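Peer 1: This is final-v2.pdb (PDB, C-alpha atoms, pLDDT in the B column).
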ATOM      1  CA  ALA A  74       0.000   0.000   0.000  1.00 54.00           C
ATOM      2  CA  ALA A  75       2.872   2.398   0.733  1.00 61.00           C
ATOM      3  CA  ARG A  76       4.172   1.898  -2.800  1.00 60.00           C
ATOM      4  CA  ARG A  77       0.635   2.416  -4.178  1.00 57.00           C
ATOM      5  CA  LEU A  78       0.762  -0.763  -6.235  1.00 57.00           C
ATOM      6  CA  ASP A  79      -2.923  -1.357  -5.554  1.00 56.00           C
ATOM      7  CA  ALA A  80      -3.730   1.651  -7.800  1.00 55.00           C
ATOM      8  CA  THR A  81      -3.212  -0.620 -10.801  1.00 51.00           C
ATOM      9  CA  LEU A  82      -6.449  -2.424  -9.953  1.00 49.00           C
ATOM     10  CA  ALA A  83      -9.713  -0.914 -11.132  1.00 49.00           C
ATOM     11  CA  ARG A  84     -11.902  -0.168  -8.141  1.00 49.00           C
ATOM     12  CA  PRO A  85     -15.066   1.795  -8.941  1.00 48.00           C
ATOM     13  CA  ASP A  86     -15.595   2.606  -5.246  1.00 47.00           C
ATOM     14  CA  SER A  87     -12.195   4.346  -5.015  1.00 49.00           C
ATOM     15  CA  SER A  88     -13.145   6.772  -7.782  1.00 45.00           C
ATOM     16  CA  VAL A  89     -15.882   8.414  -5.703  1.00 43.00           C
ATOM     17  CA  GLY A  90     -15.299  12.153  -5.729  1.00 46.00           C
ATOM     18  CA  VAL A  91     -12.811  11.982  -8.589  1.00 54.00           C
ATOM     19  CA  ALA A  92     -14.057  13.609 -11.786  1.00 73.00           C
ATOM     20  CA  GLY A  93     -13.473  11.356 -14.745  1.00 87.00           C
ATOM     21  CA  ALA A  94     -12.569  12.489 -18.234  1.00 92.00           C
ATOM     22  CA  ALA A  95     -15.840  11.835 -20.020  1.00 91.00           C
ATOM     23  CA  THR A  96     -15.626   9.967 -23.304  1.00 91.00           C
ATOM     24  CA  GLY A  97     -18.600  11.744 -24.806  1.00 91.00           C
ATOM     25  CA  ILE A  98     -20.356   8.379 -25.188  1.00 92.00           C
ATOM     26  CA  ASP A  99     -23.038   8.180 -22.494  1.00 92.00           C
ATOM     27  CA  SER A 100     -23.192   4.390 -22.195  1.00 93.00           C
ATOM     28  CA  LEU A 101     -19.408   4.110 -21.950  1.00 92.00           C
ATOM     29  CA  ASP A 102     -19.216   6.951 -19.415  1.00 91.00           C
ATOM     30  CA  ARG A 103     -21.776   5.123 -17.252  1.00 91.00           C
ATOM     31  CA  ALA A 104     -19.774   1.889 -17.490  1.00 91.00           C
ATOM     32  CA  LEU A 105     -16.587   3.781 -16.555  1.00 91.00           C
ATOM     33  CA  HIS A 106     -18.340   5.579 -13.652  1.00 90.00           C
ATOM     34  CA  GLY A 107     -17.965   9.009 -15.254  1.00 91.00           C
ATOM     35  CA  GLY A 108     -15.270   8.436 -17.838  1.00 93.00           C
ATOM     36  CA  TRP A 109     -11.562   7.669 -17.956  1.00 94.00           C
ATOM     37  CA  ARG A 110      -9.989   7.982 -14.527  1.00 93.00           C
ATOM     38  CA  ARG A 111      -7.715  10.968 -14.179  1.00 94.00           C
ATOM     39  CA  GLY A 112      -4.307  10.357 -12.674  1.00 94.00           C
ATOM     40  CA  GLU A 113      -4.244   6.823 -14.012  1.00 92.00           C
ATOM     41  CA  VAL A 114      -3.301   4.967 -17.184  1.00 94.00           C
ATOM     42  CA  SER A 115      -6.137   3.196 -19.018  1.00 94.00           C
ATOM     43  CA  GLU A 116      -5.973   0.831 -21.961  1.00 93.00           C
ATOM     44  CA  LEU A 117      -8.298   0.889 -24.948  1.00 93.00           C
ATOM     45  CA  ILE A 118      -7.765  -2.368 -26.791  1.00 93.00           C
ATOM     46  CA  GLY A 119      -9.598  -3.767 -29.785  1.00 91.00           C
ATOM     47  CA  GLY A 120      -9.220  -5.363 -33.147  1.00 90.00           C
ATOM     48  CA  PRO A 121      -9.764  -3.724 -36.523  1.00 90.00           C
ATOM     49  CA  SER A 122     -13.202  -2.085 -36.805  1.00 91.00           C
ATOM     50  CA  SER A 123     -13.876  -2.558 -33.082  1.00 93.00           C
ATOM     51  CA  GLY A 124     -14.522   1.152 -32.517  1.00 91.00           C
ATOM     52  CA  ARG A 125     -11.333   2.042 -30.640  1.00 94.00           C
ATOM     53  CA  ALA A 126     -10.551   4.947 -33.031  1.00 94.00           C
ATOM     54  CA  SER A 127     -14.114   6.241 -32.644  1.00 95.00           C
ATOM     55  CA  VAL A 128     -13.867   6.080 -28.850  1.00 95.00           C
ATOM     56  CA  LEU A 129     -10.537   7.897 -28.965  1.00 96.00           C
ATOM     57  CA  ALA A 130     -11.944  10.589 -31.276  1.00 96.00           C
ATOM     58  CA  ALA A 131     -15.028  10.997 -29.076  1.00 96.00           C
ATOM     59  CA  THR A 132     -12.825  11.290 -25.981  1.00 96.00           C
ATOM     60  CA  LEU A 133     -10.600  13.926 -27.598  1.00 97.00           C
ATOM     61  CA  ALA A 134     -13.675  15.802 -28.872  1.00 97.00           C
ATOM     62  CA  ALA A 135     -15.311  15.796 -25.430  1.00 96.00           C
ATOM     63  CA  ALA A 136     -12.108  17.009 -23.750  1.00 96.00           C
ATOM     64  CA  SER A 137     -11.490  19.755 -26.300  1.00 97.00           C
ATOM     65  CA  ALA A 138     -15.143  20.834 -25.978  1.00 96.00           C
ATOM     66  CA  ARG A 139     -14.551  21.208 -22.228  1.00 95.00           C
ATOM     67  CA  GLY A 140     -11.675  23.556 -23.094  1.00 96.00           C
ATOM     68  CA  GLU A 141      -8.949  21.081 -22.204  1.00 96.00           C
ATOM     69  CA  ILE A 142      -5.687  20.689 -24.084  1.00 97.00           C
ATOM     70  CA  VAL A 143      -5.191  17.123 -25.321  1.00 97.00           C
ATOM     71  CA  ALA A 144      -2.228  15.234 -26.746  1.00 98.00           C
ATOM     72  CA  LEU A 145      -2.073  12.384 -29.220  1.00 98.00           C
ATOM     73  CA  VAL A 146       1.203  10.517 -29.613  1.00 97.00           C
ATOM     74  CA  ASP A 147       0.714   8.881 -32.995  1.00 95.00           C
ATOM     75  CA  THR A 148       3.430   6.197 -33.100  1.00 93.00           C
ATOM     76  CA  PHE A 149       3.041   5.296 -36.778  1.00 91.00           C
ATOM     77  CA  ASP A 150       1.449   8.500 -38.163  1.00 91.00           C
ATOM     78  CA  ARG A 151      -1.990   6.923 -38.634  1.00 90.00           C
ATOM     79  CA  ALA A 152      -4.257   9.702 -37.333  1.00 93.00           C
ATOM     80  CA  ASP A 153      -6.276  11.690 -39.829  1.00 94.00           C
ATOM     81  CA  PRO A 154      -6.897  15.291 -38.739  1.00 95.00           C
ATOM     82  CA  VAL A 155      -9.834  15.658 -41.137  1.00 96.00           C
ATOM     83  CA  THR A 156     -11.573  12.702 -39.485  1.00 95.00           C
ATOM     84  CA  LEU A 157     -10.757  14.009 -36.003  1.00 96.00           C
ATOM     85  CA  ALA A 158     -12.177  17.439 -36.877  1.00 97.00           C
ATOM     86  CA  ALA A 159     -15.310  15.809 -38.328  1.00 96.00           C
ATOM     87  CA  ALA A 160     -15.712  13.945 -35.011  1.00 96.00           C
ATOM     88  CA  GLY A 161     -15.769  17.290 -33.205  1.00 96.00           C
ATOM     89  CA  VAL A 162     -12.164  17.564 -32.035  1.00 97.00           C
ATOM     90  CA  ASP A 163     -11.007  21.183 -31.756  1.00 97.00           C
ATOM     91  CA  LEU A 164      -7.643  20.759 -33.502  1.00 97.00           C
ATOM     92  CA  SER A 165      -6.359  24.032 -32.038  1.00 97.00           C
ATOM     93  CA  ARG A 166      -6.383  22.239 -28.657  1.00 97.00           C
ATOM     94  CA  VAL A 167      -4.446  19.159 -29.823  1.00 97.00           C
ATOM     95  CA  LEU A 168      -0.730  18.467 -29.505  1.00 97.00           C
ATOM     96  CA  TRP A 169      -0.149  15.891 -32.228  1.00 97.00           C
ATOM     97  CA  VAL A 170       3.197  14.070 -32.008  1.00 96.00           C
ATOM     98  CA  ARG A 171       3.699  12.173 -35.245  1.00 94.00           C
ATOM     99  CA  GLY A 172       5.959   9.175 -35.598  1.00 89.00           C
ATOM    100  CA  PRO A 173       7.281   7.762 -38.860  1.00 88.00           C
ATOM    101  CA  ALA A 174       4.748   6.567 -41.412  1.00 83.00           C
ATOM    102  CA  LEU A 175       5.732   2.911 -41.727  1.00 73.00           C
ATOM    103  CA  GLY A 176       3.965   0.328 -43.828  1.00 68.00           C
ATOM    104  CA  PRO A 177       3.138  -3.023 -42.224  1.00 65.00           C
ATOM    105  CA  SER A 178       6.228  -4.703 -43.678  1.00 66.00           C
ATOM    106  CA  ALA A 179       8.604  -1.989 -42.451  1.00 64.00           C
ATOM    107  CA  ARG A 180       6.881  -1.872 -39.060  1.00 59.00           C
ATOM    108  CA  ALA A 181       8.171  -5.336 -38.190  1.00 63.00           C
ATOM    109  CA  THR A 182      11.806  -4.359 -38.688  1.00 68.00           C
ATOM    110  CA  VAL A 183      12.109  -0.734 -37.534  1.00 73.00           C
ATOM    111  CA  ALA A 184       9.241  -0.432 -35.075  1.00 80.00           C
ATOM    112  CA  SER A 185      11.238  -0.719 -31.850  1.00 86.00           C
ATOM    113  CA  PRO A 186      12.894   2.721 -32.146  1.00 88.00           C
ATOM    114  CA  ALA A 187       9.569   4.310 -33.133  1.00 90.00           C
ATOM    115  CA  VAL A 188       7.771   2.738 -30.167  1.00 92.00           C
ATOM    116  CA  LEU A 189      10.552   3.793 -27.781  1.00 93.00           C
ATOM    117  CA  ARG A 190      10.411   7.399 -29.047  1.00 93.00           C
ATOM    118  CA  ALA A 191       6.608   7.426 -28.739  1.00 95.00           C
ATOM    119  CA  VAL A 192       6.714   6.146 -25.154  1.00 95.00           C
ATOM    120  CA  ARG A 193       9.351   8.755 -24.289  1.00 95.00           C
ATOM    121  CA  ALA A 194       7.203  11.477 -25.858  1.00 96.00           C
ATOM    122  CA  LEU A 195       4.205  10.322 -23.814  1.00 97.00           C
ATOM    123  CA  ASP A 196       6.296  10.384 -20.646  1.00 96.00           C
ATOM    124  CA  LEU A 197       7.505  13.940 -21.342  1.00 96.00           C
ATOM    125  CA  ILE A 198       3.985  15.173 -22.097  1.00 97.00           C
ATOM    126  CA  VAL A 199       2.529  13.634 -18.938  1.00 96.00           C
ATOM    127  CA  ARG A 200       5.332  15.101 -16.806  1.00 95.00           C
ATOM    128  CA  ALA A 201       4.916  18.528 -18.425  1.00 95.00           C
ATOM    129  CA  GLY A 202       1.330  18.704 -17.165  1.00 93.00           C
ATOM    130  CA  GLY A 203      -1.530  20.851 -18.377  1.00 95.00           C
ATOM    131  CA  PHE A 204      -3.243  18.191 -20.477  1.00 97.00           C
ATOM    132  CA  GLY A 205      -6.721  16.811 -19.835  1.00 96.00           C
ATOM    133  CA  VAL A 206      -6.250  13.691 -21.970  1.00 97.00           C
ATOM    134  CA  VAL A 207      -3.040  12.195 -23.324  1.00 98.00           C
ATOM    135  CA  ALA A 208      -3.216   9.196 -25.672  1.00 97.00           C
ATOM    136  CA  LEU A 209      -0.505   6.910 -27.034  1.00 97.00           C
ATOM    137  CA  ASP A 210      -1.597   5.087 -30.187  1.00 96.00           C
ATOM    138  CA  LEU A 211       0.339   1.822 -30.418  1.00 93.00           C
ATOM    139  CA  VAL A 212      -2.006   0.178 -32.938  1.00 92.00           C
ATOM    140  CA  GLY A 213       0.007  -1.940 -35.313  1.00 87.00           C
ATOM    141  CA  ALA A 214       3.103  -2.122 -33.113  1.00 87.00           C
ATOM    142  CA  PRO A 215       4.564  -5.611 -33.276  1.00 86.00           C
ATOM    143  CA  ALA A 216       4.724  -7.501 -29.989  1.00 87.00           C
ATOM    144  CA  SER A 217       8.509  -7.667 -30.305  1.00 87.00           C
ATOM    145  CA  ALA A 218       8.731  -3.856 -30.203  1.00 88.00           C
ATOM    146  CA  LEU A 219       6.728  -3.784 -26.982  1.00 89.00           C
ATOM    147  CA  ARG A 220       8.810  -6.595 -25.466  1.00 88.00           C
ATOM    148  CA  ASP A 221      11.944  -4.526 -26.181  1.00 87.00           C
ATOM    149  CA  LEU A 222      10.762  -1.936 -23.653  1.00 89.00           C
ATOM    150  CA  ALA A 223      11.955  -2.229 -20.065  1.00 89.00           C
ATOM    151  CA  MET A 224       9.520  -4.085 -17.830  1.00 86.00           C
ATOM    152  CA  SER A 225       9.223  -1.019 -15.593  1.00 90.00           C
ATOM    153  CA  THR A 226       8.135   1.289 -18.443  1.00 92.00           C
ATOM    154  CA  TRP A 227       4.409   1.061 -17.769  1.00 90.00           C
ATOM    155  CA  LEU A 228       4.797   1.373 -13.995  1.00 91.00           C
ATOM    156  CA  ARG A 229       6.932   4.499 -14.461  1.00 92.00           C
ATOM    157  CA  LEU A 230       4.266   6.005 -16.718  1.00 93.00           C
ATOM    158  CA  ALA A 231       1.559   5.211 -14.189  1.00 93.00           C
ATOM    159  CA  GLN A 232       3.645   6.753 -11.421  1.00 93.00           C
ATOM    160  CA  ALA A 233       4.365   9.868 -13.508  1.00 94.00           C
ATOM    161  CA  ASN A 234       0.628  10.388 -14.042  1.00 94.00           C
ATOM    162  CA  ALA A 235      -0.452   9.533 -10.479  1.00 92.00           C
ATOM    163  CA  GLY A 236      -2.308  12.389  -8.859  1.00 90.00           C
ATOM    164  CA  ARG A 237      -2.434  14.486 -12.021  1.00 93.00           C
ATOM    165  CA  PRO A 238      -5.681  15.738 -13.565  1.00 95.00           C
ATOM    166  CA  THR A 239      -4.777  13.890 -16.758  1.00 95.00           C
ATOM    167  CA  ALA A 240      -6.429  10.803 -18.210  1.00 96.00           C
ATOM    168  CA  CYS A 241      -3.680   8.790 -19.912  1.00 96.00           C
ATOM    169  CA  LEU A 242      -4.817   6.324 -22.583  1.00 96.00           C
ATOM    170  CA  LEU A 243      -2.886   3.533 -24.266  1.00 95.00           C
ATOM    171  CA  ILE A 244      -4.508   2.483 -27.545  1.00 95.00           C
ATOM    172  CA  GLY A 245      -3.742  -0.955 -28.962  1.00 93.00           C
TER
END
Now, as a test, write the supplied structure out as structure tokens.
Peer 2:
Amino acid sequence: AARRLDATLARPDSSVGVAGAATGIDSLDRALHGGWRRGEVSELIGGPSSGRASVLAATLAAASARGEIVALVDTFDRADPVTLAAAGVDLSRVLWVRGPALGPSARATVASPAVLRAVRALDLIVRAGGFGVVALDLVGAPASALRDLAMSTWLRLAQANAGRPTACLLIG
């Protein structure tokens, strides 16, 4: 408890009094007890056409509509600003960190440095503060690139965001 390791477990009762970062999707906000938990790292995982990009866009749109600054670390330069704007995202409130545009075949061989740079960018953004929502898009990253990261990477990110008014999202 002193090391706060129990914070990695989702406990709806512990979020009482903590304002979540609403996703803008009522049913999902109800399921998440108000939205993404601020000060924590959440994962949004799904296969192709599962809706993860739509949930991310809705979350960024809801945050920017609240007047918050948001950040998107786009590991493989997949985000489309036209689509984000059409979803209601105020692009003037978005810090968009773009990684290299790699095709699927190149991703397998040169993804590790791109993933490492994206994780470092996320860490810097979270530590800088001032963001309502920060998202790291790792969709398409090969498992080997994620295994190349130090085991403590995710715990360090969670610790860096602990107590901050930022909802940190990992998209995969």
Peer 1: Once the PyMOL selection byres ((chain A and resi 93) around 10) is applied to the coordinates I shared, what remains selected? I want it as a list in words.
Peer 2: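 That expression, the PyMOL selection byres ((chain A and resi 93) around 10), corresponds here to Ser88, Val89, Gly90, Val91, Ala92, Ala94, Ala95, Thr96, Asp102, Leu105, His106, Gly107, Gly108, Trp109, Arg110, Arg111, Gly112, Pro238, Thr239 and Ala240 of chain A.
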Peer 1: If we count only C-alpha atoms, what is near Val167 of chain A at a cut-off of 12 Å, once residues fewer than 5 positions away on the same chain are taken out, given as a ChimeraX atom specification?
Peer 2: /A:130,133-134,136-138,140-147,154,157-158,161-162,203-208
Peer 1: When you draw a straight line from atom CA of Asp153 of chain A to atom CA of Ala187 of chain A, how long is it in Å?
Peer 2: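 Rounded to one decimal, the two atoms are 18.7 Å apart.
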Peer 1: In Å to one decimal, how far is atom CA of Ala160 of chain A from atom CA of Arg103 of chain A?
Peer 2: 20.7 Å
Peer 1: Residues at most 8 Å from segment 189-193 of chain A, counting all atoms listed in the file, excluding those fewer than 4 positions away in the same chain, as a ChimeraX atom specification?
Peer 2: /A:146-148,172,185,197,209,222
Peer 1: Go ahead and save the picked residues with C-alpha atoms, as a PDB file, keeping the file's coordinate frame.
Peer 2:
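Produced file result_22.pdb, reproduced below:
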ATOM      1  CA  VAL A 146       1.203  10.517 -29.613  1.00 97.00           C
ATOM      2  CA  ASP A 147       0.714   8.881 -32.995  1.00 95.00           C
ATOM      3  CA  THR A 148       3.430   6.197 -33.100  1.00 93.00           C
ATOM      4  CA  GLY A 172       5.959   9.175 -35.598  1.00 89.00           C
ATOM      5  CA  SER A 185      11.238  -0.719 -31.850  1.00 86.00           C
ATOM      6  CA  LEU A 197       7.505  13.940 -21.342  1.00 96.00           C
ATOM      7  CA  LEU A 209      -0.505   6.910 -27.034  1.00 97.00           C
ATOM      8  CA  LEU A 222      10.762  -1.936 -23.653  1.00 89.00           C
TER       9      LEU A 222
END
Peer 1: Would you kindly return, as a ChimeraX atom specification, each protein, DNA or RNA residue with an atom no farther than 8 Å from any atom of Gly245 of chain A, considering all atoms listed in the file and excluding same-chain residues fewer than 3 positions away?
Peer 2: /A:116-119,210-213
Peer 1: With distances taken over all atoms listed in the file, which residue among A:Ser225, A:Ser127, A:Ser122, A:Ser217 lies nearest Ala159 of chain A?
Peer 2: A:Ser127
Peer 1: Could you check which of A:Gly202, A:Gly97, A:Pro173, A:Pro186 is closest to Leu129 of chain A, using all atoms listed in the file?
Peer 2: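 Of the candidates, the smallest distance to Leu129 of chain A is held by A:Gly97.
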Peer 1: Box along x, y and z, 5 Å on every side, all listed atoms of segment 198-207 of chain A inside: centre and edge lengths in Å to one decimal, as AutoDock Vina command-line options.
Peer 2:
--center_x -0.7 --center_y 16.5 --center_z -20.1 --size_x 22.1 --size_y 18.7 --size_z 16.5
Peer 1: Quick one: pull the distance between atom CA of Phe149 of chain A and atom CA of Cys241 of chain A, Å, one decimal.
Peer 2: 18.5 Å
Peer 1: Considering only C-alpha atoms, can you say which of A:Ala131, A:Ala126, A:Ala231, A:Val114 comes closest to Ile98 of chain A?
Peer 2: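 Looking only at the distances to Ile98 of chain A, the closest residue turns out to be A:Ala131.
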Peer 1: Give me the residues within 8 Å of Arg200 of chain A as a ChimeraX atom specification, counting all atoms listed in the file and dropping any in the same chain fewer than 4 places off.
Peer 2: /A:196,233-234
Peer 1: Is it possible to dump segment 147-167 of chain A as a compact mmCIF listing (two decimals), in the first residue's frame, including just N, CA, C and O atoms?
Peer 2:
# COMPACT_ATOMS: atom_id res chain seq x y z
N ASP A 147 1.11 9.71 -31.87
CA ASP A 147 0.71 8.88 -32.99
C ASP A 147 1.95 8.10 -33.48
O ASP A 147 2.67 8.55 -34.36
N THR A 148 2.19 6.95 -32.90
CA THR A 148 3.43 6.20 -33.10
C THR A 148 3.77 5.98 -34.56
O THR A 148 4.91 6.13 -34.97
N PHE A 149 2.77 5.62 -35.37
CA PHE A 149 3.04 5.30 -36.78
C PHE A 149 2.32 6.24 -37.74
O PHE A 149 2.01 5.85 -38.87
N ASP A 150 2.04 7.46 -37.31
CA ASP A 150 1.45 8.50 -38.16
C ASP A 150 0.18 8.00 -38.86
O ASP A 150 0.05 8.10 -40.07
N ARG A 151 -0.76 7.49 -38.08
CA ARG A 151 -1.99 6.92 -38.63
C ARG A 151 -3.19 7.84 -38.48
O ARG A 151 -4.22 7.64 -39.11
N ALA A 152 -3.10 8.84 -37.60
CA ALA A 152 -4.26 9.70 -37.33
C ALA A 152 -4.56 10.58 -38.54
O ALA A 152 -3.65 11.00 -39.27
N ASP A 153 -5.82 10.84 -38.74
CA ASP A 153 -6.28 11.69 -39.83
C ASP A 153 -6.94 12.92 -39.22
O ASP A 153 -8.02 12.81 -38.63
N PRO A 154 -6.31 14.10 -39.35
CA PRO A 154 -6.90 15.29 -38.74
C PRO A 154 -8.26 15.67 -39.30
O PRO A 154 -9.09 16.22 -38.58
N VAL A 155 -8.52 15.36 -40.55
CA VAL A 155 -9.83 15.66 -41.14
C VAL A 155 -10.91 14.83 -40.43
O VAL A 155 -11.99 15.35 -40.08
N THR A 156 -10.63 13.57 -40.19
CA THR A 156 -11.57 12.70 -39.48
C THR A 156 -11.75 13.15 -38.05
O THR A 156 -12.88 13.16 -37.52
N LEU A 157 -10.65 13.52 -37.38
CA LEU A 157 -10.76 14.01 -36.00
C LEU A 157 -11.61 15.27 -35.94
O LEU A 157 -12.46 15.41 -35.06
N ALA A 158 -11.39 16.20 -36.86
CA ALA A 158 -12.18 17.44 -36.88
C ALA A 158 -13.65 17.14 -37.14
O ALA A 158 -14.53 17.73 -36.52
N ALA A 159 -13.92 16.19 -38.04
CA ALA A 159 -15.31 15.81 -38.33
C ALA A 159 -15.98 15.18 -37.11
O ALA A 159 -17.20 15.27 -36.95
N ALA A 160 -15.18 14.56 -36.23
CA ALA A 160 -15.71 13.95 -35.01
C ALA A 160 -15.93 14.98 -33.91
O ALA A 160 -16.43 14.65 -32.84
N GLY A 161 -15.54 16.23 -34.18
CA GLY A 161 -15.77 17.29 -33.20
C GLY A 161 -14.55 17.71 -32.41
O GLY A 161 -14.67 18.50 -31.47
N VAL A 162 -13.39 17.19 -32.75
CA VAL A 162 -12.16 17.56 -32.03
C VAL A 162 -11.75 18.97 -32.46
O VAL A 162 -11.66 19.26 -33.65
N ASP A 163 -11.52 19.84 -31.49
CA ASP A 163 -11.01 21.18 -31.76
C ASP A 163 -9.50 21.05 -31.95
O ASP A 163 -8.74 20.94 -30.98
N LEU A 164 -9.05 21.02 -33.20
CA LEU A 164 -7.64 20.76 -33.50
C LEU A 164 -6.70 21.82 -32.95
O LEU A 164 -5.51 21.55 -32.76
N SER A 165 -7.22 23.00 -32.63
CA SER A 165 -6.36 24.03 -32.04
C SER A 165 -6.01 23.69 -30.59
O SER A 165 -5.14 24.32 -30.00
N ARG A 166 -6.65 22.66 -30.03
CA ARG A 166 -6.38 22.24 -28.66
C ARG A 166 -5.66 20.89 -28.61
O ARG A 166 -5.63 20.24 -27.56
N VAL A 167 -5.09 20.47 -29.74
CA VAL A 167 -4.45 19.16 -29.82
C VAL A 167 -2.95 19.32 -30.08
O VAL A 167 -2.53 20.01 -31.00
